[in-house]
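Asker: Have a look at this one.
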Amino acid sequence: MNAVLETNAADCHPASAPDYTPAEELRGLQLTRLKAAVERSWNHVRLFRERMDERGIAPADIRSLDDIARLPFTQKCDLRDTYPFGLFASPMKDVVRLHASSGTTGKPIVVAYTQQDVHVWTSAIVRCLAGCGLDRGDVIQVAYGYGLFTGGLGAHYGAESLGATVVPASGGHAERQIMLMKDFGVTAMCSTPTYFLHLIERAAEMGVDMKQLPLRAGVFGAEPWSESIRQYIQNASGVEAFDIYGLSEIIGPGVGCECRRHQGLHVLEDLFYPEIVEPATGTPLPDGEIGELVLTTLSKQAMPMIRYRTRDITAIVPGPCDCGRTIRRIERIGRRSDDMLIIRGVNVFPSQVETALLDVEGTLPHYQIVLTREHGLDQMEVAVEVTPQMFEDKIGALQELNQRLQSALDRVLGIRVRVTLAEAHSIERSEGKAKRVIDRRNS
Amino acid sequence: MKIKQISLFAENKQGHIAAPVRLLSERGIDIRALVLAETQQYGILRMIVSDWQEAASILADAGFTIKVTEVLAVEVGDRPGGLAHVLSALDACQINIEYMYAFPRFRASSAILLFRFADPDAAIACLQAAGVNVLASEEILR
């Protein structure tokens with residue numbers, strides 16, 4: 001990690017100025033903006049006003065940042081229940097863009113932006129990319145899906161506004177992505193970590209050595225990924241891998257991002273106010289304690305979000321970052337309370353499976369978790385693709401491999417798992433977010 | 001002396017052996033010997049082919065998980081005691097056979113067996129010292 005601790009020069013992009021706001025000034029700014037956001041929601045969002053009334057509080061009751069704890073939470077189901085436009089605080093004539101998330105269950109959720117919201121979002125991404133050491137002169141390939149998903153257009157406008165050359169590749173067509181990276185001299189990649197892993201695999205099959213390309217940075221987000229994956233990506237591709245965080249409900253990518261210190265993600269807290277709460281009770285927790293991240297948008301017009309429950313589990317990193325930014329950091333998000341699987345009463349996160357596989361084999365094979373129910377009992381099966389590195393020409397060696405994977409998973413997860421060895425490419429590849437879990441327990 | 005063998009990982013499902021075999025035949029690769037080691041869930045298809053380099057690149061490009069391994073081709077007299085002589089020689093040298101299978105179509109008076117050893121060089125030395133004919137790939141592939 002020492003190799004990347006060079007200089008602050010890249011961090012001093014003009015757009016990054018708000019990252020260095022003195023703490024006192026930052027708190028003052030946050031309070032002013034919080035009051036305005038509450039006022040705006042109160043005036044324009046019926047659901048919010050009803051909830052404030054139920055609690056017997058009004059915008060004037062917010063006098064300090066700590067008073068935020070008195071405000072009601074907003075949940076994902078609130079967006080579904082008010083589908084499509086129920087939480088908008090701007091008339092449609094002021095809304096310049098809509099995005100929507102793919103709804104895995106029922107209706108999608110819809111989010112809206114005024115022109116100013118789009119500008120703020122763009123500036124947020126510029127600050128994130130600048131923090132990754134990217135600037136004018138970089139060639140940035142955006143391999144997030146373009147469309148209703150916020151990833152593609154969000155990263156696109158941010159990279160363009162940074163002054164970089166944007167290659168709007170969108171998702172899919174791995175071979176073409178690799179050709180573009182090579183032929184256009186791409187220096188940075190924006191995609192999901194899963195998709196980049198897929199590109200690493202395809203590049204190797206095509207005989208392209210990513211380490212020989214000008215590619216030097218990867219800004220990966222839209223799903224949780226582990227430190228082991230970072231090591232794997234960096235070793236296999238030679239890029240410096242950055243974690244960027246965001247969610248459509250708040251704005252899209254650009255809520256927070258790592259700087260080159262890689263010691264947590266700086267939350268752009270002049271725009272998005274972070275709190276950590278105890279997931280079960282909603283009680284605020286102090287910096288340093290692990291809980292659920294709750295975010296409040298401080299400047300959003302079309303769709304302000306007050307105390308949005310992200311379901312992401314993290315902690316606010318206490319103390320300042322060596323990079324000099326004053327905005328606080330959150331720890332990397334390894335898990336979402338939404339991703340948690342409860343198998344025979346045990347909490348299991350798909351990311352644990354990844355860690356176990358990487359630890360045992362030192363490589364990250366494709367895998368998929370399949371949950372079934374036999375005789376009323378949950379069964380967890382993990383199908384793991386056998387890579388050429390893992391493959392040995394002896395049945396005994398394959399049985400040992402199977403056993404090794406099984407014990408590692410049993411140990412990490414604390415439950416009995418059945419491992420099956422699968423042929424390469426037999427598990428469906430994702431073009432965007434990984435589909436790691438197939439749950440057939442209720443079918 | 002060592003013969004290149006292609007080992008391919010396959011799930012034990014209908015049609016999973018057919019695909020790589022068909023691919024090789026379409027590309028003009030002749031499979032000279034073939035054996036399948038299987039468990040209930042998966043198996044390893046082992047092949048001696050007319051052009052192992054070409055075959056390996058065809059299969060790898062098509063996304064199959066393969067490994068090129070080395071085996072020995074040993075000539076065994078087609079008479080009682082022919083195989084026993086070879087095995088006794090290996091036994092005397094304390095060399096363990098990882099697996100073995102037959103290579104079809106050879107001279108009428110002898111058969112060819114393919115052996116996989118952990119240390120093929122030691123096995124070659126042992127067999128030759130016992131007067132056993134270890135064949136080169138040109139001899140069995142011609």
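By order in the structure tokens, chains are A, B, ...; within a chain, residues start at 1; ligands start at 1, following the order shown.
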As JSON, numbers by chain, please: every residue in chain B that DSSP puts in strand (DSSP E).

Answerer: {"B": [2, 3, 4, 5, 6, 7, 8, 9, 10, 11, 31, 32, 33, 34, 35, 36, 37, 38, 42, 43, 44, 45, 46, 47, 48, 49, 66, 67, 68, 69, 70, 71, 72, 73, 74, 75, 76, 77, 97, 98, 99, 100, 101, 102, 103, 110, 111, 112, 113, 114, 115, 116, 117, 134, 135]}

Asker: Dump C-alpha atoms for the selected residues as a tab-separated table (two decimals), in the first residue's frame?

Answerer:
```tsv
chain	number	residue	atom	x	y	z
B	2	LYS	CA	6.94	-38.48	-21.85
B	3	ILE	CA	3.66	-38.28	-23.68
B	4	LYS	CA	1.50	-35.18	-23.44
B	5	GLN	CA	-1.99	-35.92	-22.26
B	6	ILE	CA	-4.91	-33.52	-22.09
B	7	SER	CA	-7.07	-33.69	-18.98
B	8	LEU	CA	-10.39	-31.93	-19.01
B	9	PHE	CA	-12.74	-31.16	-16.12
B	10	ALA	CA	-16.37	-32.04	-16.81
B	11	GLU	CA	-19.49	-32.18	-14.74
B	31	ILE	CA	-8.30	-38.69	-30.35
B	32	ARG	CA	-5.98	-41.71	-30.09
B	33	ALA	CA	-6.78	-42.80	-26.57
B	34	LEU	CA	-9.38	-41.69	-24.10
B	35	VAL	CA	-10.47	-42.61	-20.62
B	36	LEU	CA	-12.95	-41.14	-18.21
B	37	ALA	CA	-12.45	-41.04	-14.45
B	38	GLU	CA	-15.64	-40.10	-12.76
B	42	TYR	CA	-17.89	-34.65	-11.93
B	43	GLY	CA	-15.18	-36.36	-13.87
B	44	ILE	CA	-11.89	-35.98	-15.69
B	45	LEU	CA	-11.66	-36.83	-19.35
B	46	ARG	CA	-8.10	-37.84	-20.27
B	47	MET	CA	-7.03	-37.92	-23.88
B	48	ILE	CA	-4.03	-38.61	-26.05
B	49	VAL	CA	-4.53	-36.67	-29.27
B	66	ILE	CA	-7.95	-28.28	-18.99
B	67	LYS	CA	-4.50	-29.25	-17.92
B	68	VAL	CA	-1.72	-30.70	-20.04
B	69	THR	CA	-0.13	-33.53	-18.12
B	70	GLU	CA	2.54	-36.13	-18.86
B	71	VAL	CA	2.13	-39.88	-18.97
B	72	LEU	CA	4.38	-42.73	-20.01
B	73	ALA	CA	3.52	-45.19	-22.78
B	74	VAL	CA	4.80	-48.59	-21.84
B	75	GLU	CA	4.91	-51.57	-24.14
B	76	VAL	CA	3.62	-54.70	-22.48
B	77	GLY	CA	4.00	-58.14	-24.06
B	97	ILE	CA	1.14	-45.63	-10.10
B	98	GLU	CA	-1.33	-42.76	-9.94
B	99	TYR	CA	-3.50	-44.25	-12.67
B	100	MET	CA	-3.21	-46.26	-15.84
B	101	TYR	CA	-5.23	-47.07	-18.94
B	102	ALA	CA	-4.82	-48.87	-22.22
B	103	PHE	CA	-3.82	-47.38	-25.54
B	110	SER	CA	2.10	-56.35	-27.56
B	111	ALA	CA	-0.17	-53.83	-25.92
B	112	ILE	CA	0.50	-50.25	-24.81
B	113	LEU	CA	-0.43	-49.04	-21.37
B	114	LEU	CA	-0.39	-45.40	-20.36
B	115	PHE	CA	0.79	-44.67	-16.82
B	116	ARG	CA	0.72	-41.54	-14.76
B	117	PHE	CA	3.44	-41.22	-12.12
B	134	VAL	CA	9.04	-46.98	-22.79
B	135	LEU	CA	7.80	-45.48	-26.04
```

Asker: If the cut-off is 8 Å, can you tell me the residues of chain A near chain B, counting only C-alpha atoms? I'd like them as a PDB file with N, CA and C atoms, in the first residue's frame.

Answerer:
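Ended up saving to part-v2.pdb:
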```pdb
ATOM      1  N   GLU A 205      -8.250 -14.603 -21.092  1.00  0.00           N
ATOM      2  CA  GLU A 205      -8.611 -15.581 -22.129  1.00  0.00           C
ATOM      3  C   GLU A 205      -8.278 -15.055 -23.528  1.00  0.00           C
ATOM      4  N   VAL A 386     -14.481 -24.471 -11.413  1.00  0.00           N
ATOM      5  CA  VAL A 386     -13.099 -24.917 -11.312  1.00  0.00           C
ATOM      6  C   VAL A 386     -12.268 -24.158 -12.355  1.00  0.00           C
ATOM      7  N   THR A 387     -11.322 -23.354 -11.881  1.00  0.00           N
ATOM      8  CA  THR A 387     -10.456 -22.605 -12.803  1.00  0.00           C
ATOM      9  C   THR A 387      -9.257 -23.480 -13.164  1.00  0.00           C
ATOM     10  N   PRO A 388      -8.561 -23.163 -14.246  1.00  0.00           N
ATOM     11  CA  PRO A 388      -7.378 -23.962 -14.598  1.00  0.00           C
ATOM     12  C   PRO A 388      -6.367 -24.029 -13.446  1.00  0.00           C
ATOM     13  N   PHE A 391      -7.531 -26.701 -11.023  1.00  0.00           N
ATOM     14  CA  PHE A 391      -7.763 -28.035 -11.584  1.00  0.00           C
ATOM     15  C   PHE A 391      -6.517 -28.911 -11.517  1.00  0.00           C
ATOM     16  N   GLU A 392      -6.679 -30.111 -11.009  1.00  0.00           N
ATOM     17  CA  GLU A 392      -5.611 -31.112 -11.005  1.00  0.00           C
ATOM     18  C   GLU A 392      -6.139 -32.355 -11.684  1.00  0.00           C
ATOM     19  N   ASP A 393      -5.244 -33.015 -12.393  1.00  0.00           N
ATOM     20  CA  ASP A 393      -5.656 -34.190 -13.159  1.00  0.00           C
ATOM     21  C   ASP A 393      -5.772 -35.434 -12.286  1.00  0.00           C
ATOM     22  N   LYS A 394      -6.335 -35.309 -11.121  1.00  0.00           N
ATOM     23  CA  LYS A 394      -6.518 -36.493 -10.288  1.00  0.00           C
ATOM     24  C   LYS A 394      -7.822 -36.354  -9.530  1.00  0.00           C
ATOM     25  N   ILE A 395      -8.619 -37.404  -9.546  1.00  0.00           N
ATOM     26  CA  ILE A 395      -9.889 -37.367  -8.840  1.00  0.00           C
ATOM     27  C   ILE A 395      -9.658 -37.050  -7.366  1.00  0.00           C
ATOM     28  N   THR A 420     -20.318 -27.818  -4.599  1.00  0.00           N
ATOM     29  CA  THR A 420     -20.241 -28.605  -5.831  1.00  0.00           C
ATOM     30  C   THR A 420     -19.256 -27.917  -6.768  1.00  0.00           C
ATOM     31  N   LEU A 421     -18.493 -28.727  -7.473  1.00  0.00           N
ATOM     32  CA  LEU A 421     -17.536 -28.183  -8.423  1.00  0.00           C
ATOM     33  C   LEU A 421     -18.228 -28.081  -9.776  1.00  0.00           C
ATOM     34  N   ALA A 422     -18.130 -26.909 -10.371  1.00  0.00           N
ATOM     35  CA  ALA A 422     -18.831 -26.682 -11.634  1.00  0.00           C
ATOM     36  C   ALA A 422     -17.826 -26.377 -12.740  1.00  0.00           C
ATOM     37  N   GLU A 423     -18.231 -26.620 -13.969  1.00  0.00           N
ATOM     38  CA  GLU A 423     -17.372 -26.316 -15.110  1.00  0.00           C
ATOM     39  C   GLU A 423     -17.221 -24.806 -15.276  1.00  0.00           C
ATOM     40  N   ALA A 424     -16.094 -24.416 -15.847  1.00  0.00           N
ATOM     41  CA  ALA A 424     -15.872 -23.006 -16.138  1.00  0.00           C
ATOM     42  C   ALA A 424     -17.016 -22.484 -17.014  1.00  0.00           C
ATOM     43  N   HIS A 425     -17.421 -21.255 -16.771  1.00  0.00           N
ATOM     44  CA  HIS A 425     -18.452 -20.578 -17.572  1.00  0.00           C
ATOM     45  C   HIS A 425     -19.848 -21.191 -17.425  1.00  0.00           C
TER      46      HIS A 425
END
```

Asker: CA of Cys77 (chain A) and CA of Ile276 (chain A), how far apart in Å?

Answerer: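 The value is 19.7 Å.
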
Asker: Could you pull out the alpha helix (DSSP H) residues of region 11-130 of chain B from DSSP and send them as a VMD selection string?

Answerer: chain B and resid 18 to 26 52 to 61 82 to 92 120 to 129

Asker: Can those selected residues be exported to a file as a CSV table (one decimal), in the first residue's frame so that it contains N, CA and C atoms?

Answerer:
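File produced: selection.csv:
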```
chain,number,residue,atom,x,y,z
B,18,ALA,N,-19.6,-35.0,-24.7
B,18,ALA,CA,-19.7,-34.9,-26.1
B,18,ALA,C,-19.2,-33.6,-26.6
B,19,ALA,N,-19.5,-32.5,-25.9
B,19,ALA,CA,-19.1,-31.2,-26.4
B,19,ALA,C,-17.6,-31.0,-26.8
B,20,PRO,N,-16.7,-31.3,-25.8
B,20,PRO,CA,-15.3,-31.2,-26.2
B,20,PRO,C,-14.9,-32.2,-27.3
B,21,VAL,N,-15.4,-33.4,-27.2
B,21,VAL,CA,-15.0,-34.4,-28.2
B,21,VAL,C,-15.4,-33.9,-29.6
B,22,ARG,N,-16.7,-33.4,-29.7
B,22,ARG,CA,-17.2,-32.9,-31.0
B,22,ARG,C,-16.3,-31.8,-31.5
B,23,LEU,N,-16.0,-30.9,-30.6
B,23,LEU,CA,-15.2,-29.7,-31.0
B,23,LEU,C,-13.9,-30.1,-31.6
B,24,LEU,N,-13.2,-31.1,-30.9
B,24,LEU,CA,-11.9,-31.6,-31.4
B,24,LEU,C,-12.1,-32.2,-32.8
B,25,SER,N,-13.1,-33.0,-33.0
B,25,SER,CA,-13.3,-33.7,-34.2
B,25,SER,C,-13.6,-32.7,-35.4
B,26,GLU,N,-14.4,-31.6,-35.0
B,26,GLU,CA,-14.6,-30.6,-36.0
B,26,GLU,C,-13.4,-29.9,-36.5
B,52,TRP,N,-1.3,-32.3,-29.5
B,52,TRP,CA,-1.8,-31.8,-28.2
B,52,TRP,C,-1.8,-30.3,-28.1
B,53,GLN,N,-0.8,-29.6,-28.7
B,53,GLN,CA,-0.7,-28.2,-28.6
B,53,GLN,C,-2.0,-27.5,-29.2
B,54,GLU,N,-2.3,-28.0,-30.4
B,54,GLU,CA,-3.5,-27.5,-31.1
B,54,GLU,C,-4.8,-27.8,-30.3
B,55,ALA,N,-4.8,-29.0,-29.8
B,55,ALA,CA,-6.0,-29.4,-29.1
B,55,ALA,C,-6.2,-28.6,-27.8
B,56,ALA,N,-5.0,-28.4,-27.1
B,56,ALA,CA,-5.1,-27.6,-25.8
B,56,ALA,C,-5.6,-26.2,-26.1
B,57,SER,N,-5.1,-25.6,-27.2
B,57,SER,CA,-5.5,-24.2,-27.4
B,57,SER,C,-6.9,-24.1,-27.9
B,58,ILE,N,-7.4,-25.1,-28.7
B,58,ILE,CA,-8.8,-25.1,-29.1
B,58,ILE,C,-9.7,-25.2,-27.8
B,59,LEU,N,-9.4,-26.1,-27.0
B,59,LEU,CA,-10.2,-26.4,-25.8
B,59,LEU,C,-10.2,-25.2,-24.8
B,60,ALA,N,-9.0,-24.6,-24.6
B,60,ALA,CA,-8.9,-23.5,-23.7
B,60,ALA,C,-9.6,-22.3,-24.3
B,61,ASP,N,-9.5,-22.0,-25.6
B,61,ASP,CA,-10.2,-20.9,-26.2
B,61,ASP,C,-11.7,-21.1,-26.1
B,82,GLY,N,3.0,-60.5,-18.8
B,82,GLY,CA,3.5,-59.3,-19.5
B,82,GLY,C,3.3,-58.1,-18.6
B,83,LEU,N,2.1,-57.9,-18.1
B,83,LEU,CA,1.9,-56.7,-17.2
B,83,LEU,C,2.5,-56.9,-15.8
B,84,ALA,N,2.5,-58.2,-15.4
B,84,ALA,CA,3.0,-58.5,-14.0
B,84,ALA,C,4.5,-58.1,-14.0
B,85,HIS,N,5.2,-58.3,-15.1
B,85,HIS,CA,6.6,-57.9,-15.1
B,85,HIS,C,6.8,-56.4,-14.9
B,86,VAL,N,6.0,-55.6,-15.6
B,86,VAL,CA,6.1,-54.2,-15.5
B,86,VAL,C,5.8,-53.7,-14.1
B,87,LEU,N,4.7,-54.3,-13.5
B,87,LEU,CA,4.3,-53.8,-12.2
B,87,LEU,C,5.3,-54.2,-11.1
B,88,SER,N,5.9,-55.4,-11.3
B,88,SER,CA,6.9,-55.9,-10.3
B,88,SER,C,8.1,-54.9,-10.3
B,89,ALA,N,8.5,-54.5,-11.6
B,89,ALA,CA,9.6,-53.6,-11.7
B,89,ALA,C,9.4,-52.3,-10.9
B,90,LEU,N,8.2,-51.8,-11.1
B,90,LEU,CA,7.8,-50.5,-10.4
B,90,LEU,C,7.8,-50.7,-8.9
B,91,ASP,N,7.2,-51.9,-8.6
B,91,ASP,CA,7.1,-52.2,-7.1
B,91,ASP,C,8.5,-52.2,-6.5
B,92,ALA,N,9.4,-52.9,-7.2
B,92,ALA,CA,10.8,-53.0,-6.7
B,92,ALA,C,11.4,-51.6,-6.5
B,120,PRO,N,7.7,-39.0,-13.3
B,120,PRO,CA,7.9,-39.8,-14.5
B,120,PRO,C,9.3,-40.1,-14.8
B,121,ASP,N,10.3,-39.2,-14.5
B,121,ASP,CA,11.7,-39.5,-14.8
B,121,ASP,C,12.2,-40.7,-14.1
B,122,ALA,N,11.8,-40.8,-12.8
B,122,ALA,CA,12.3,-41.9,-12.0
B,122,ALA,C,11.7,-43.2,-12.5
B,123,ALA,N,10.4,-43.1,-13.0
B,123,ALA,CA,9.7,-44.3,-13.5
B,123,ALA,C,10.4,-44.7,-14.8
B,124,ILE,N,10.8,-43.8,-15.6
B,124,ILE,CA,11.5,-44.1,-16.9
B,124,ILE,C,12.8,-44.9,-16.6
B,125,ALA,N,13.5,-44.4,-15.7
B,125,ALA,CA,14.8,-45.0,-15.3
B,125,ALA,C,14.6,-46.4,-14.8
B,126,CYS,N,13.6,-46.5,-13.9
B,126,CYS,CA,13.3,-47.8,-13.3
B,126,CYS,C,12.9,-48.8,-14.4
B,127,LEU,N,11.9,-48.4,-15.3
B,127,LEU,CA,11.4,-49.4,-16.3
B,127,LEU,C,12.5,-49.8,-17.3
B,128,GLN,N,13.3,-48.8,-17.7
B,128,GLN,CA,14.3,-49.1,-18.7
B,128,GLN,C,15.4,-50.1,-18.1
B,129,ALA,N,15.7,-49.8,-16.8
B,129,ALA,CA,16.6,-50.7,-16.1
B,129,ALA,C,16.1,-52.2,-16.1
```

Asker: Give me, as a ChimeraX atom specification, all polymer residues having an atom no more than 12 Å from Tyr195 (chain A), counting only C-alpha atoms and skipping those fewer than 2 positions away in the same chain.

Answerer: /A:142-145,170-174,177-178,189-193,197-202,218-223,225,233,366,429-435

Asker: Just give me the gap between CA of Leu79 (chain A) and CA of Arg127 (chain A) in Å, one decimal is fine.

Answerer: 28.1 Å

Asker: A:Ala356, A:Met206, A:Ala15, A:Leu65: which is nearest Gly28 (chain A), counting only C-alpha atoms?

Answerer: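 Comparing A:Ala356, A:Met206, A:Ala15, A:Leu65 against Gly28 (chain A), the winner is A:Leu65.
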
Asker: Tell me, in Å to one decimal, how far CA of Arg55 (chain A) is from CA of Val294 (chain A).

Answerer: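 Result for CA of Arg55 (chain A) versus CA of Val294 (chain A): 19.3 Å, one decimal.
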
Asker: Just want the 7 Å neighbourhood of Val96 (chain A), counted on only C-alpha atoms, with same-chain residues fewer than 4 positions away dropped. Output as an MDAnalysis selection string.

Answerer: chainID A and resid 113:115

Asker: Fewer than 5 positions away in the same chain doesn't count, so skip those; otherwise give me all residues within 6 Å of region 303-306 of chain A, counting only C-alpha atoms, as a list in words.

Answerer: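 Close residues of region 303-306 of chain A: Phe88, Ala89, Ala112, Thr296 and Thr297 of chain A.
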
Asker: Excluding Val126 (chain A) and any residue of its chain fewer than 5 positions from it, enumerate the residues within 9 Å of it, using only C-alpha atoms, and give them as a list of chain:residue names.

Answerer: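 Close residues of Val126 (chain A): A:Ala15, A:Ser16, A:Trp121, A:Gly131, A:Asp135, A:Ala155, A:Tyr157, A:Gly158, A:Ala159, A:Glu160, A:Ser161, A:Leu162, A:Gly254.
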
Asker: Could you write out that same residue set with C-alpha atoms as a PDB file, in the first residue's frame?

Answerer:
```pdb
ATOM      1  CA  ALA A  15     -13.383  20.983  -7.218  1.00  0.00           C
ATOM      2  CA  SER A  16     -12.223  19.316  -4.008  1.00  0.00           C
ATOM      3  CA  TRP A 121     -24.472  15.206  -8.314  1.00  0.00           C
ATOM      4  CA  GLY A 131      -9.804  12.075  -4.756  1.00  0.00           C
ATOM      5  CA  ASP A 135      -7.890  14.573 -13.666  1.00  0.00           C
ATOM      6  CA  ALA A 155     -20.236   8.561 -13.601  1.00  0.00           C
ATOM      7  CA  TYR A 157     -21.303  13.470 -16.296  1.00  0.00           C
ATOM      8  CA  GLY A 158     -18.863  13.485 -13.392  1.00  0.00           C
ATOM      9  CA  ALA A 159     -15.946  12.247 -15.479  1.00  0.00           C
ATOM     10  CA  GLU A 160     -16.762  14.673 -18.274  1.00  0.00           C
ATOM     11  CA  SER A 161     -17.056  17.609 -15.892  1.00  0.00           C
ATOM     12  CA  LEU A 162     -13.689  16.629 -14.383  1.00  0.00           C
ATOM     13  CA  GLY A 254     -20.858   9.865  -5.456  1.00  0.00           C
TER      14      GLY A 254
END
```

Asker: Using only C-alpha atoms for the distances, tell me which of A:Glu249, A:Asp138, A:Glu227, A:Glu400 is nearest to Glu331 (chain A).

Answerer: A:Glu227

Asker: At a cut-off of 12 Å, using only C-alpha atoms, what residues contact region 42-53 of chain A? Leave out same-chain residues fewer than 3 positions from it and give the result as a PyMOL selection string.

Answerer: chain A and resi 35-39+56-62+70-75+78-79+81-82+85-91+301-308
